[in-house]
>>> print(open('entry-v4.pdb').read())   # PDB, C-alpha atoms and all ligand atoms
MODEL        1
ATOM      1  CA  MET A   1       0.000   0.000   0.000
ATOM      2  CA  THR A   2       1.161   3.513  -0.741
ATOM      3  CA  ASP A   3      -0.048   6.473   1.214
ATOM      4  CA  PHE A   4      -0.229   8.995  -1.556
ATOM      5  CA  THR A   5      -2.672   9.640  -4.397
ATOM      6  CA  LEU A   6      -2.146  11.193  -7.815
ATOM      7  CA  MET A   7      -4.575  11.896 -10.627
ATOM      8  CA  ILE A   8      -3.954  13.638 -13.966
ATOM      9  CA  HIS A   9      -6.157  14.629 -16.892
ATOM     10  CA  GLY A  10      -5.582  15.373 -20.564
ATOM     11  CA  GLY A  11      -8.898  17.109 -21.208
ATOM     12  CA  ALA A  12     -12.518  16.223 -21.825
ATOM     13  CA  GLY A  13     -14.591  16.084 -24.982
ATOM     14  CA  ALA A  14     -15.632  13.851 -27.828
ATOM     15  CA  ILE A  15     -12.433  11.853 -27.874
ATOM     16  CA  ARG A  16     -11.618  10.173 -31.135
ATOM     17  CA  ASP A  17      -9.090   7.364 -30.991
ATOM     18  CA  PRO A  18      -8.646   7.565 -27.209
ATOM     19  CA  HIS A  19      -6.152   4.696 -27.171
ATOM     20  CA  ARG A  20      -3.399   6.875 -28.577
ATOM     21  CA  TYR A  21      -3.302   8.794 -25.278
ATOM     22  CA  GLU A  22      -3.033   5.750 -23.024
ATOM     23  CA  ALA A  23       0.725   5.185 -23.052
ATOM     24  CA  SER A  24       1.455   8.861 -22.481
ATOM     25  CA  LEU A  25      -1.029   9.192 -19.598
ATOM     26  CA  ARG A  26       0.301   6.045 -17.936
ATOM     27  CA  ALA A  27       3.954   7.096 -18.283
ATOM     28  CA  ILE A  28       3.222  10.543 -16.851
ATOM     29  CA  VAL A  29       1.192   9.356 -13.862
ATOM     30  CA  GLU A  30       3.836   6.715 -13.080
ATOM     31  CA  SER A  31       6.568   9.321 -13.290
ATOM     32  CA  GLY A  32       4.690  11.556 -10.833
ATOM     33  CA  ALA A  33       4.033   8.578  -8.551
ATOM     34  CA  ARG A  34       7.768   7.819  -8.400
ATOM     35  CA  LEU A  35       8.352  11.346  -7.101
ATOM     36  CA  LEU A  36       5.634  11.011  -4.465
ATOM     37  CA  ALA A  37       6.940   7.586  -3.434
ATOM     38  CA  ALA A  38      10.366   9.143  -2.908
ATOM     39  CA  GLY A  39       8.834  11.742  -0.585
ATOM     40  CA  SER A  40       8.187  14.687  -2.930
ATOM     41  CA  SER A  41       5.466  17.149  -2.045
ATOM     42  CA  ALA A  42       2.105  17.097  -3.798
ATOM     43  CA  LEU A  43       3.001  20.549  -5.132
ATOM     44  CA  ASP A  44       6.169  19.340  -6.858
ATOM     45  CA  ALA A  45       4.414  16.236  -8.170
ATOM     46  CA  VAL A  46       1.567  18.154  -9.833
ATOM     47  CA  ALA A  47       4.014  20.660 -11.360
ATOM     48  CA  HIS A  48       6.099  17.758 -12.677
ATOM     49  CA  CYS A  49       3.116  15.958 -14.235
ATOM     50  CA  VAL A  50       1.659  19.092 -15.827
ATOM     51  CA  ALA A  51       5.080  20.022 -17.264
ATOM     52  CA  LEU A  52       5.283  16.556 -18.873
ATOM     53  CA  LEU A  53       1.763  16.978 -20.286
ATOM     54  CA  GLU A  54       2.827  20.403 -21.644
ATOM     55  CA  ASP A  55       5.825  18.823 -23.373
ATOM     56  CA  ASP A  56       3.675  16.267 -25.200
ATOM     57  CA  PRO A  57       2.129  17.739 -28.395
ATOM     58  CA  LEU A  58      -0.858  15.387 -27.983
ATOM     59  CA  TYR A  59      -2.407  17.786 -25.450
ATOM     60  CA  ASN A  60      -3.682  21.348 -25.624
ATOM     61  CA  ALA A  61      -1.097  22.931 -23.310
ATOM     62  CA  GLY A  62       2.509  24.045 -23.648
ATOM     63  CA  ARG A  63       3.939  22.686 -26.887
ATOM     64  CA  GLY A  64       0.615  21.347 -28.188
ATOM     65  CA  SER A  65      -1.356  24.527 -27.433
ATOM     66  CA  VAL A  66      -4.069  25.414 -29.917
ATOM     67  CA  LEU A  67      -3.568  28.603 -31.949
ATOM     68  CA  ASN A  68      -5.584  31.764 -31.474
ATOM     69  CA  ALA A  69      -7.103  33.952 -34.202
ATOM     70  CA  ASP A  70      -3.705  35.609 -34.764
ATOM     71  CA  GLY A  71      -2.052  32.202 -35.255
ATOM     72  CA  ALA A  72      -0.254  32.418 -31.906
ATOM     73  CA  ALA A  73      -0.078  29.935 -29.026
ATOM     74  CA  MET A  74      -1.144  31.905 -25.940
ATOM     75  CA  CYS A  75      -0.907  29.852 -22.768
ATOM     76  CA  ASP A  76      -2.531  29.974 -19.321
ATOM     77  CA  ALA A  77      -1.598  27.947 -16.225
ATOM     78  CA  SER A  78      -2.023  27.860 -12.469
ATOM     79  CA  ILE A  79      -0.919  25.945  -9.395
ATOM     80  CA  MET A  80      -2.161  25.891  -5.801
ATOM     81  CA  ASP A  81      -0.761  24.547  -2.543
ATOM     82  CA  GLY A  82      -3.482  23.125  -0.291
ATOM     83  CA  ARG A  83      -1.313  23.353   2.837
ATOM     84  CA  THR A  84      -0.711  27.118   2.699
ATOM     85  CA  LEU A  85      -3.356  28.249   0.183
ATOM     86  CA  LYS A  86      -0.517  29.863  -1.761
ATOM     87  CA  ALA A  87      -1.211  30.019  -5.476
ATOM     88  CA  GLY A  88       0.428  31.211  -8.670
ATOM     89  CA  ALA A  89      -0.916  31.709 -12.181
ATOM     90  CA  VAL A  90      -0.050  33.127 -15.592
ATOM     91  CA  ALA A  91      -2.320  34.074 -18.482
ATOM     92  CA  ALA A  92      -1.968  35.067 -22.139
ATOM     93  CA  ILE A  93       1.749  34.312 -22.257
ATOM     94  CA  ARG A  94       3.804  33.401 -25.318
ATOM     95  CA  GLY A  95       6.985  31.416 -25.776
ATOM     96  CA  VAL A  96       7.336  29.933 -22.290
ATOM     97  CA  ARG A  97       8.096  26.237 -22.623
ATOM     98  CA  ASN A  98       6.338  25.214 -19.418
ATOM     99  CA  PRO A  99       3.690  27.707 -18.276
ATOM    100  CA  VAL A 100       3.112  25.662 -15.105
ATOM    101  CA  ARG A 101       6.752  26.210 -14.093
ATOM    102  CA  LEU A 102       6.236  29.948 -14.482
ATOM    103  CA  ALA A 103       3.019  29.754 -12.421
ATOM    104  CA  TYR A 104       5.085  28.019  -9.716
ATOM    105  CA  GLU A 105       7.629  30.865  -9.814
ATOM    106  CA  VAL A 106       4.815  33.423  -9.552
ATOM    107  CA  MET A 107       3.543  31.635  -6.441
ATOM    108  CA  ASP A 108       6.986  31.276  -4.907
ATOM    109  CA  LYS A 109       8.859  34.421  -5.859
ATOM    110  CA  SER A 110       6.637  37.252  -7.124
ATOM    111  CA  GLY A 111       4.521  38.147  -4.108
ATOM    112  CA  HIS A 112       1.504  38.008  -6.437
ATOM    113  CA  VAL A 113      -0.959  35.355  -7.549
ATOM    114  CA  LEU A 114      -1.585  36.157 -11.232
ATOM    115  CA  LEU A 115       0.707  37.725 -13.832
ATOM    116  CA  VAL A 116      -0.393  38.196 -17.448
ATOM    117  CA  GLY A 117       1.077  38.860 -20.885
ATOM    118  CA  GLU A 118       4.255  40.862 -21.304
ATOM    119  CA  GLY A 119       4.738  41.396 -17.570
ATOM    120  CA  ALA A 120       4.567  37.663 -16.946
ATOM    121  CA  GLU A 121       7.072  37.045 -19.782
ATOM    122  CA  ARG A 122       9.458  39.647 -18.335
ATOM    123  CA  PHE A 123       9.189  37.945 -14.943
ATOM    124  CA  ALA A 124       9.917  34.594 -16.632
ATOM    125  CA  ARG A 125      13.169  36.020 -18.048
ATOM    126  CA  GLU A 126      14.148  37.368 -14.641
ATOM    127  CA  ARG A 127      13.585  33.923 -13.161
ATOM    128  CA  ASP A 128      15.479  32.112 -15.957
ATOM    129  CA  VAL A 129      12.416  30.154 -17.024
ATOM    130  CA  ALA A 130      12.959  28.322 -20.354
ATOM    131  CA  PHE A 131      11.607  29.857 -23.577
ATOM    132  CA  GLU A 132      11.094  28.234 -26.977
ATOM    133  CA  SER A 133      10.851  29.685 -30.503
ATOM    134  CA  GLU A 134       7.475  30.220 -32.185
ATOM    135  CA  ASP A 135       8.146  27.162 -34.371
ATOM    136  CA  TYR A 136       8.194  24.918 -31.301
ATOM    137  CA  PHE A 137       4.501  25.683 -30.688
ATOM    138  CA  ARG A 138       3.319  25.907 -34.320
ATOM    139  CA  THR A 139       2.913  22.184 -34.939
ATOM    140  CA  GLU A 140       1.503  21.104 -38.306
ATOM    141  CA  ALA A 141      -1.626  19.749 -36.658
ATOM    142  CA  ARG A 142      -2.360  23.039 -34.883
ATOM    143  CA  VAL A 143      -1.843  25.134 -38.039
ATOM    144  CA  ALA A 144      -4.258  22.862 -39.969
ATOM    145  CA  GLN A 145      -6.765  22.959 -37.092
ATOM    146  CA  LEU A 146      -6.776  26.777 -37.051
ATOM    147  CA  ALA A 147      -7.249  26.894 -40.817
ATOM    148  CA  ARG A 148     -10.311  24.616 -40.474
ATOM    149  CA  ALA A 149     -11.770  26.797 -37.701
ATOM    150  CA  LYS A 150     -11.220  29.940 -39.763
ATOM    151  CA  ARG A 151     -12.862  28.355 -42.805
ATOM    152  CA  LYS A 152     -15.898  27.580 -40.653
ATOM    153  CA  ARG A 153     -15.602  31.020 -39.000
ATOM    154  CA  GLU A 154     -15.810  29.277 -35.646
ATOM    155  CA  THR A 155     -14.257  29.665 -32.255
ATOM    156  CA  THR A 156     -14.117  26.050 -31.177
ATOM    157  CA  LEU A 157     -12.935  24.071 -28.242
ATOM    158  CA  ASP A 158      -9.999  21.940 -29.266
ATOM    159  CA  HIS A 159     -11.914  18.856 -28.170
ATOM    160  CA  SER A 160     -15.207  19.818 -29.828
ATOM    161  CA  GLU A 161     -13.903  19.353 -33.347
ATOM    162  CA  PRO A 162     -15.482  16.249 -34.789
ATOM    163  CA  ALA A 163     -12.750  16.107 -37.432
ATOM    164  CA  ASP A 164      -9.942  15.225 -35.069
ATOM    165  CA  ALA A 165     -11.518  15.524 -31.633
ATOM    166  CA  LYS A 166      -8.383  16.509 -29.759
ATOM    167  CA  LEU A 167      -8.555  17.792 -26.236
ATOM    168  CA  GLY A 168      -8.335  21.018 -24.280
ATOM    169  CA  THR A 169      -6.505  21.595 -21.005
ATOM    170  CA  VAL A 170      -4.353  19.360 -18.834
ATOM    171  CA  GLY A 171      -4.156  19.084 -15.072
ATOM    172  CA  ALA A 172      -3.002  17.162 -12.035
ATOM    173  CA  VAL A 173      -4.130  16.774  -8.414
ATOM    174  CA  ALA A 174      -2.296  14.986  -5.619
ATOM    175  CA  ARG A 175      -2.176  14.140  -1.931
ATOM    176  CA  ASP A 176       1.335  13.431  -0.680
ATOM    177  CA  ARG A 177       2.670  11.302   2.163
ATOM    178  CA  ASN A 178       2.197  14.178   4.617
ATOM    179  CA  GLY A 179      -1.462  14.452   3.649
ATOM    180  CA  ASP A 180      -0.910  17.759   1.829
ATOM    181  CA  LEU A 181      -2.937  18.507  -1.294
ATOM    182  CA  ALA A 182      -2.040  20.394  -4.488
ATOM    183  CA  ALA A 183      -3.538  21.067  -7.919
ATOM    184  CA  ALA A 184      -2.244  22.460 -11.219
ATOM    185  CA  THR A 185      -3.850  23.181 -14.605
ATOM    186  CA  SER A 186      -2.508  24.359 -17.971
ATOM    187  CA  THR A 187      -4.025  25.148 -21.368
ATOM    188  CA  GLY A 188      -3.661  26.789 -24.745
ATOM    189  CA  GLY A 189      -7.311  27.869 -24.511
ATOM    190  CA  VAL A 190      -9.784  27.648 -27.376
ATOM    191  CA  VAL A 191      -9.037  27.224 -31.093
ATOM    192  CA  ASN A 192      -9.257  30.545 -32.974
ATOM    193  CA  GLN A 193      -9.957  32.461 -29.760
ATOM    194  CA  ARG A 194      -9.707  36.243 -29.781
ATOM    195  CA  ALA A 195      -6.250  37.457 -28.734
ATOM    196  CA  GLY A 196      -6.457  38.308 -25.043
ATOM    197  CA  ARG A 197      -9.204  35.815 -24.208
ATOM    198  CA  VAL A 198      -8.499  34.037 -20.916
ATOM    199  CA  GLY A 199     -10.379  30.934 -19.759
ATOM    200  CA  ASP A 200     -10.755  29.254 -16.380
ATOM    201  CA  SER A 201      -7.415  27.449 -16.193
ATOM    202  CA  PRO A 202      -5.362  30.284 -14.641
ATOM    203  CA  LEU A 203      -8.175  31.426 -12.348
ATOM    204  CA  ILE A 204      -7.956  30.103  -8.807
ATOM    205  CA  GLY A 205     -11.345  28.770  -7.763
ATOM    206  CA  ALA A 206     -12.537  28.352 -11.359
ATOM    207  CA  GLY A 207     -10.093  25.970 -13.102
ATOM    208  CA  THR A 208      -7.881  25.097 -10.137
ATOM    209  CA  PHE A 209      -8.302  24.890  -6.375
ATOM    210  CA  ALA A 210      -6.547  23.124  -3.482
ATOM    211  CA  ASP A 211      -7.136  23.284   0.258
ATOM    212  CA  ASN A 212      -6.117  20.643   2.783
ATOM    213  CA  ALA A 213      -9.475  21.256   4.461
ATOM    214  CA  SER A 214     -11.334  19.872   1.456
ATOM    215  CA  CYS A 215      -9.736  18.731  -1.791
ATOM    216  CA  ALA A 216      -7.557  19.498  -4.791
ATOM    217  CA  ALA A 217      -9.423  19.993  -8.085
ATOM    218  CA  SER A 218      -8.481  20.674 -11.714
ATOM    219  CA  CYS A 219     -11.061  21.405 -14.424
ATOM    220  CA  THR A 220     -11.247  21.108 -18.210
ATOM    221  CA  GLY A 221     -13.846  22.320 -20.675
ATOM    222  CA  VAL A 222     -15.475  25.551 -21.805
ATOM    223  CA  GLY A 223     -13.651  28.080 -19.634
ATOM    224  CA  GLU A 224     -16.465  30.608 -19.529
ATOM    225  CA  ASP A 225     -18.796  27.993 -17.975
ATOM    226  CA  PHE A 226     -16.270  27.142 -15.265
ATOM    227  CA  ILE A 227     -15.535  30.792 -14.471
ATOM    228  CA  ARG A 228     -19.218  31.618 -14.022
ATOM    229  CA  THR A 229     -19.745  28.711 -11.647
ATOM    230  CA  ALA A 230     -16.357  28.952  -9.841
ATOM    231  CA  LEU A 231     -16.394  25.229 -10.335
ATOM    232  CA  ALA A 232     -13.178  24.056  -8.674
ATOM    233  CA  ARG A 233     -14.101  25.959  -5.511
ATOM    234  CA  THR A 234     -17.699  24.769  -5.758
ATOM    235  CA  ALA A 235     -16.470  21.159  -5.705
ATOM    236  CA  ALA A 236     -14.340  21.972  -2.635
ATOM    237  CA  VAL A 237     -17.367  23.478  -0.878
ATOM    238  CA  PHE A 238     -19.234  20.220  -1.467
ATOM    239  CA  VAL A 239     -16.395  18.300   0.252
ATOM    240  CA  GLU A 240     -15.850  20.747   3.096
ATOM    241  CA  PHE A 241     -19.365  21.766   4.030
ATOM    242  CA  ARG A 242     -21.486  18.863   2.784
ATOM    243  CA  SER A 243     -18.930  16.165   3.643
ATOM    244  CA  LEU A 244     -19.225  14.578   0.200
ATOM    245  CA  ARG A 245     -16.599  12.048  -0.816
ATOM    246  CA  ALA A 246     -14.436  12.725  -3.871
ATOM    247  CA  GLU A 247     -16.508  10.817  -6.438
ATOM    248  CA  GLU A 248     -19.770  12.265  -5.159
ATOM    249  CA  ALA A 249     -18.379  15.824  -4.990
ATOM    250  CA  ALA A 250     -17.100  15.598  -8.570
ATOM    251  CA  ARG A 251     -20.487  14.322  -9.751
ATOM    252  CA  GLU A 252     -22.386  17.040  -7.848
ATOM    253  CA  ALA A 253     -20.080  19.759  -9.188
ATOM    254  CA  ILE A 254     -20.706  18.684 -12.773
ATOM    255  CA  ARG A 255     -24.431  18.447 -12.066
ATOM    256  CA  TYR A 256     -24.269  22.059 -10.826
ATOM    257  CA  LEU A 257     -22.307  23.103 -13.943
ATOM    258  CA  VAL A 258     -24.947  21.616 -16.218
ATOM    259  CA  ASP A 259     -27.970  22.789 -14.195
ATOM    260  CA  ARG A 260     -26.788  26.386 -13.857
ATOM    261  CA  VAL A 261     -25.053  27.188 -17.154
ATOM    262  CA  ASP A 262     -25.501  24.084 -19.307
ATOM    263  CA  GLY A 263     -21.715  23.789 -19.012
ATOM    264  CA  ARG A 264     -19.468  21.452 -20.960
ATOM    265  CA  GLY A 265     -16.392  19.829 -19.459
ATOM    266  CA  GLY A 266     -15.099  17.763 -16.588
ATOM    267  CA  LEU A 267     -13.008  17.791 -13.449
ATOM    268  CA  ILE A 268     -10.707  15.604 -11.405
ATOM    269  CA  LEU A 269     -10.476  15.744  -7.656
ATOM    270  CA  VAL A 270      -8.510  14.235  -4.759
ATOM    271  CA  ASP A 271     -10.148  14.757  -1.385
ATOM    272  CA  ARG A 272      -8.535  15.229   2.036
ATOM    273  CA  GLU A 273      -8.674  11.474   2.656
ATOM    274  CA  GLY A 274      -6.873  10.732  -0.623
ATOM    275  CA  ARG A 275      -9.927   9.454  -2.485
ATOM    276  CA  CYS A 276     -10.166  10.230  -6.216
ATOM    277  CA  GLY A 277     -13.158  11.515  -8.141
ATOM    278  CA  ARG A 278     -13.788  12.304 -11.783
ATOM    279  CA  ALA A 279     -16.917  13.517 -13.571
ATOM    280  CA  ARG A 280     -17.762  15.093 -16.917
ATOM    281  CA  SER A 281     -20.671  16.388 -18.957
ATOM    282  CA  THR A 282     -18.870  15.580 -22.220
ATOM    283  CA  PRO A 283     -18.854  12.174 -23.962
ATOM    284  CA  GLY A 284     -15.336  11.420 -22.708
ATOM    285  CA  MET A 285     -12.434  12.488 -20.527
ATOM    286  CA  LEU A 286      -8.816  11.368 -20.407
ATOM    287  CA  THR A 287      -7.526  10.612 -16.920
ATOM    288  CA  ALA A 288      -4.959   8.488 -15.135
ATOM    289  CA  THR A 289      -4.838   7.750 -11.415
ATOM    290  CA  PHE A 290      -2.204   6.249  -9.184
ATOM    291  CA  VAL A 291      -3.653   4.859  -5.979
ATOM    292  CA  ALA A 292      -2.343   2.102  -3.709
ATOM    293  CA  GLY A 293       0.520   1.310  -6.051
ATOM    294  CA  VAL A 294      -1.653   0.834  -9.122
ATOM    295  CA  ALA A 295      -1.881   3.066 -12.197
ATOM    296  CA  ARG A 296      -5.239   3.186 -13.962
ATOM    297  CA  VAL A 297      -5.966   4.981 -17.236
ATOM    298  CA  GLU A 298      -9.517   5.921 -18.256
ATOM    299  CA  THR A 299     -10.369   7.330 -21.664
ATOM    300  CA  THR A 300     -14.155   7.579 -21.507
TER     301      THR A 300
HETATM  302  N1  LIG B 401     -10.669  25.297 -20.131
HETATM  303  C1  LIG B 401      -9.745  25.995 -20.907
HETATM  304  C2  LIG B 401     -10.244  27.246 -21.494
HETATM  305  O1  LIG B 401     -11.445  27.419 -21.666
HETATM  306  O2  LIG B 401      -9.450  28.077 -21.826
ENDMDL
END
>>> encode(input="entry-v4.pdb", output="structure tokens", more="lines below")
Ligand code: GLY
Amino acid sequence: MTDFTLMIHGGAGAIRDPHRYEASLRAIVESGARLLAAGSSALDAVAHCVALLEDDPLYNAGRGSVLNADGAAMCDASIMDGRTLKAGAVAAIRGVRNPVRLAYEVMDKSGHVLLVGEGAERFARERDVAFESEDYFRTEARVAQLARAKRKRETTLDHSEPADAKLGTVGAVARDRNGDLAAATSTGGVVNQRAGRVGDSPLIGAGTFADNASCAASCTGVGEDFIRTALARTAAVFVEFRSLRAEEAAREAIRYLVDRVDGRGGLILVDREGRCGRARSTPGMLTATFVAGVARVETT
């Protein structure tokens, strides 16, 4: 038996060919679990897993970020420490290889919670955070996807495209050996989005939340729906004040999302006891969990 819990997601939507994500999800959750087994904090484990998800062009975050209407990859990310309630986030940034690493620096070194755009990029340079060229983010698949969206004059979720049904947003939640919780989320946003649009992923309480008193949660889906319902915090309220277990809290949060704003997406959650929950209002969601020494990948 292990005494830590880790759960990651690679987005929710109508997932075509889900099997192609399985090996990546398994490798990433196992890599994070090795850190936790060696005594790493939940905070370091979620940052590690999200950075690996950002490096994999399969997912809409970091390298694989979708392109906005200007043809640029603009990234958002956040991280939260459930022990201290410290949090860091970045929004509308370009060129940073791992936005979650920059969010971590914001939490740790800036004295602020959220930095955006040019100011966030300047802070990244001060902190020696790695940058990549524009070509690194402009993968062939993303250029073709933007061209399709422009032809249809649509602003689409990455994972709502029936043509290739890729996914939006990545995230991780964990409870470490000390019982501390943490959550992190990262995204490239929505295909063909207006420059300057920011979704839920960098907003604490909307796309990400962690508090040792309740749970750690990371969301994926239509950002506007999750902002309006403060969904990550709503799930935590269900754990803290209604004493719901992880699975039940995740289900109730998604029920609330659908009832109140007809919202589309999903969330993952680890509660204060280390139980995992996942729920979605979309046809599928990509997740992997590591509990009691066993990795489990789910693609529906
Ligand atoms: N959930 C990611 C976004 O809407 O930007």
>>> closest_residue(input="entry-v4.pdb", among="A:Val66, A:Leu115, A:Leu244, A:Ala295", to="ligand LIG 401 (chain B)", atoms="all atoms listed in the file")
A:Val66
>>> residues_near_ligand(input="entry-v4.pdb", ligand="ligand LIG 401 (chain B)", cutoff="9 Å", atoms="all atoms listed in the file", output="PyMOL selection string")
chain A and resi 11+60+75-76+157+168-170+186-190+197-202+207+219-227+265
>>> atom_distance(input="entry-v4.pdb", atom1="CA of Leu257 in chain A", atom2="CA of Leu231 in chain A")
7.2 Å
>>> atom_distance(input="entry-v4.pdb", atom1="CA of Thr229 in chain A", atom2="CA of Ser65 in chain A")
24.6 Å
>>> atom_distance(input="entry-v4.pdb", atom1="CA of Asp70 in chain A", atom2="CA of Gln193 in chain A")
8.6 Å
>>> residues_near_point(input="entry-v4.pdb", point="(0.8, 30.6, -32.6)", cutoff="7 Å", atoms="only C-alpha atoms", output="number ranges by chain")
A: 67-68, 71-73, 134, 137-138
>>> resolve_selection(input="entry-v4.pdb", expression="the PyMOL selection byres (((chain A and resi 98-112) around 8) and not hetatm)", output="list in words")
Ala47, Val50, Ala51, Glu54, Asp55, Gly62, Cys75, Asp76, Ala77, Ser78, Ile79, Lys86, Ala87, Gly88, Ala89, Val90, Ile93, Val96, Arg97, Val113, Leu114, Leu115, Ala124, Arg127, Val129, Ala130, Ala184, Thr185 and Ser186 of chain A
>>> residues_around(input="entry-v4.pdb", residues="Lys152 in chain A", least_positions_apart="5", cutoff="12 Å", atoms="only C-alpha atoms", output="PyMOL selection string")
chain A and resi 145-147+161+191-192
>>> residues_around(input="entry-v4.pdb", residues="range 27-42 of chain A", least_positions_apart="4", cutoff="7 Å", atoms="only C-alpha atoms", output="ChimeraX atom specification")
/A:4,6,8,23,46,48-49,52,174-177,180-182,288-290,295
>>> write_last_selection(input="entry-v4.pdb", atoms="C-alpha atoms", output="mmCIF file, in the frame of the given file")
data_model
loop_
_atom_site.group_PDB
_atom_site.id
_atom_site.type_symbol
_atom_site.label_atom_id
_atom_site.label_comp_id
_atom_site.auth_asym_id
_atom_site.auth_seq_id
_atom_site.Cartn_x
_atom_site.Cartn_y
_atom_site.Cartn_z
ATOM 1 C CA PHE A 4 -0.229 8.995 -1.556
ATOM 2 C CA LEU A 6 -2.146 11.193 -7.815
ATOM 3 C CA ILE A 8 -3.954 13.638 -13.966
ATOM 4 C CA ALA A 23 0.725 5.185 -23.052
ATOM 5 C CA VAL A 46 1.567 18.154 -9.833
ATOM 6 C CA HIS A 48 6.099 17.758 -12.677
ATOM 7 C CA CYS A 49 3.116 15.958 -14.235
ATOM 8 C CA LEU A 52 5.283 16.556 -18.873
ATOM 9 C CA ALA A 174 -2.296 14.986 -5.619
ATOM 10 C CA ARG A 175 -2.176 14.140 -1.931
ATOM 11 C CA ASP A 176 1.335 13.431 -0.680
ATOM 12 C CA ARG A 177 2.670 11.302 2.163
ATOM 13 C CA ASP A 180 -0.910 17.759 1.829
ATOM 14 C CA LEU A 181 -2.937 18.507 -1.294
ATOM 15 C CA ALA A 182 -2.040 20.394 -4.488
ATOM 16 C CA ALA A 288 -4.959 8.488 -15.135
ATOM 17 C CA THR A 289 -4.838 7.750 -11.415
ATOM 18 C CA PHE A 290 -2.204 6.249 -9.184
ATOM 19 C CA ALA A 295 -1.881 3.066 -12.197
#
>>> resolve_selection(input="entry-v4.pdb", expression="the PyMOL selection byres (((chain A and resi 117) around 7) and not hetatm)", output="list in words")
Ala91, Ala92, Ile93, Val116, Glu118, Gly119, Ala120 and Glu121 of chain A
>>> closest_residue(input="entry-v4.pdb", among="A:Val270, A:Ala210, A:Ala61, A:Met285", to="Asp81 in chain A", atoms="all atoms listed in the file")
A:Ala210
>>> closest_residue(input="entry-v4.pdb", among="A:Ser281, A:Arg275, A:Gly82, A:Leu269", to="Ala172 in chain A", atoms="only C-alpha atoms")
A:Leu269
>>> closest_residue(input="entry-v4.pdb", among="A:Ala253, A:Val258, A:Cys276, A:Leu25", to="His9 in chain A", atoms="only C-alpha atoms")
A:Leu25
>>> closest_residue(input="entry-v4.pdb", among="A:Arg125, A:Arg255, A:Arg20, A:Arg26", to="Arg280 in chain A", atoms="all atoms listed in the file")
A:Arg255
>>> resolve_selection(input="entry-v4.pdb", expression="the PyMOL selection byres (((chain A and resi 238) around 12) and not hetatm)", output="PyMOL selection string")
chain A and resi 213-215+217+231-237+239-256+269+271
>>> closest_residue(input="entry-v4.pdb", among="A:Leu53, A:Met80, A:Val173, A:Met7", to="Ser24 in chain A", atoms="only C-alpha atoms")
A:Leu53
